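**Q** Can you read through this structure? Questions will come right after.
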Amino acid sequence: DQGNCNFDYRQLTNVTMVAESPFKGSTWKDHILGSWQISPSLRVQTGGPLNILSGADNSLSGENLDRVNPVAGVSPYTTAWGPQLQLLNPAAFVKNPTGPVGTLGRDLLRGPGVITVNLALVRLFRLTERLHLETRFEAFNAINHTNFSNPTATLTSATFGRITASGDPRILQFAMKLNF
């Protein structure tokens, strides 16, 4: 059962930063434009591994983890996803015959990648020397980019090769915290 790890992401990049407004002082402009922070973060990663299962216990092992056999000369990926979000080509795989487990390696194929941009906007209000009020606005998946989940990877499933789920859409939240 040799193959890639279930959490093997070949390329993964996280970029974060915190920028603070440069206004410090006692003028009205400094009070309005000062004490702001903006914190964007970007995560880009390649797709996760896919373990294509046949959906039948043809190896008679009792585990129902048989893999498929690839069809020679047929691409495992579809050329166009189409309206059904069909990522895998069903014609590229056949069930394993009775006896062997299947010849397609474990976690050999890859699902779709992920791009996520999060953003936080923070303002700190100093009420007294020790008492601070922090207001915070956060946007998760700020650009509302659709991040597709891995497709169904069991050959006997009616939705084999189709992507039937995705990550969260844009989520906005506002919070206040009193530090004392």
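If you're wondering about the labels, chains in the structure tokens are A, B, ... by order shown, residues count from 1 in each chain, ligands from 1 in order shown.
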Going by DSSP on the backbone, which bits of segment 40-156 of chain A are strand (DSSP E)? Write them as a ChimeraX atom specification, please.
**A** /A:40-45,49-50,69-70,93-94,109-110,114-126,132-140
**Q** List the neighbours of Asn51 of chain A out to 12 Å using only C-alpha atoms; skip same-chain residues closer than 2 positions along the sequence, and give me the result as a PyMOL selection string.
**A** chain A and resi 1-7+48-49+53-55+65-68+88+102-111+150-155+161
**Q** What is the distance, in Å and to one decimal place, between atom CA of Thr128 of chain A and atom CA of Gln173 of chain A?
**A** 26.6 Å
**Q** Quick one: pull the distance between atom CA of Leu131 of chain A and atom CA of Thr16 of chain A, Å, one decimal.
**A**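 For atom CA of Leu131 of chain A relative to atom CA of Thr16 of chain A, the distance reads 28.3 Å.
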**Q** Compile the contact shell of Gly99 of chain A as a PyMOL selection string: residues with an atom at most 8 Å away, counting only C-alpha atoms, same-chain residues fewer than 2 positions apart removed.
**A** chain A and resi 58-60+97+101
**Q** When you count only C-alpha atoms, which of these residues is closest to Thr146 of chain A: A:Val114, A:Ile32, A:Ile163, A:Ala175?
**A**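 When distances to Thr146 of chain A are compared using only C-alpha atoms, the smallest one comes from A:Val114.
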**Q** Please report, as an MDAnalysis selection string, each residue of segment 30-73 of chain A to which DSSP assigns alpha helix (DSSP H) when run on this structure's backbone.
**A** chainID A and resid 30:33
**Q** Would you output that residue set with N, CA, C and O atoms, as a PDB file, in the first residue's frame?
**A**
```
ATOM      1  N   ASP A  30      -4.686  62.669  13.558  1.00  0.00           N
ATOM      2  CA  ASP A  30      -4.016  61.530  14.176  1.00  0.00           C
ATOM      3  C   ASP A  30      -4.999  60.665  14.963  1.00  0.00           C
ATOM      4  O   ASP A  30      -4.888  59.438  14.976  1.00  0.00           O
ATOM      5  N   HIS A  31      -5.966  61.291  15.619  1.00  0.00           N
ATOM      6  CA  HIS A  31      -6.966  60.531  16.386  1.00  0.00           C
ATOM      7  C   HIS A  31      -7.879  59.711  15.471  1.00  0.00           C
ATOM      8  O   HIS A  31      -8.283  58.605  15.814  1.00  0.00           O
ATOM      9  N   ILE A  32      -8.207  60.241  14.309  1.00  0.00           N
ATOM     10  CA  ILE A  32      -9.100  59.529  13.390  1.00  0.00           C
ATOM     11  C   ILE A  32      -8.351  58.479  12.583  1.00  0.00           C
ATOM     12  O   ILE A  32      -8.816  57.345  12.442  1.00  0.00           O
ATOM     13  N   LEU A  33      -7.187  58.816  12.077  1.00  0.00           N
ATOM     14  CA  LEU A  33      -6.460  57.916  11.185  1.00  0.00           C
ATOM     15  C   LEU A  33      -5.421  57.047  11.896  1.00  0.00           C
ATOM     16  O   LEU A  33      -4.875  56.120  11.294  1.00  0.00           O
TER      17      LEU A  33
END
```
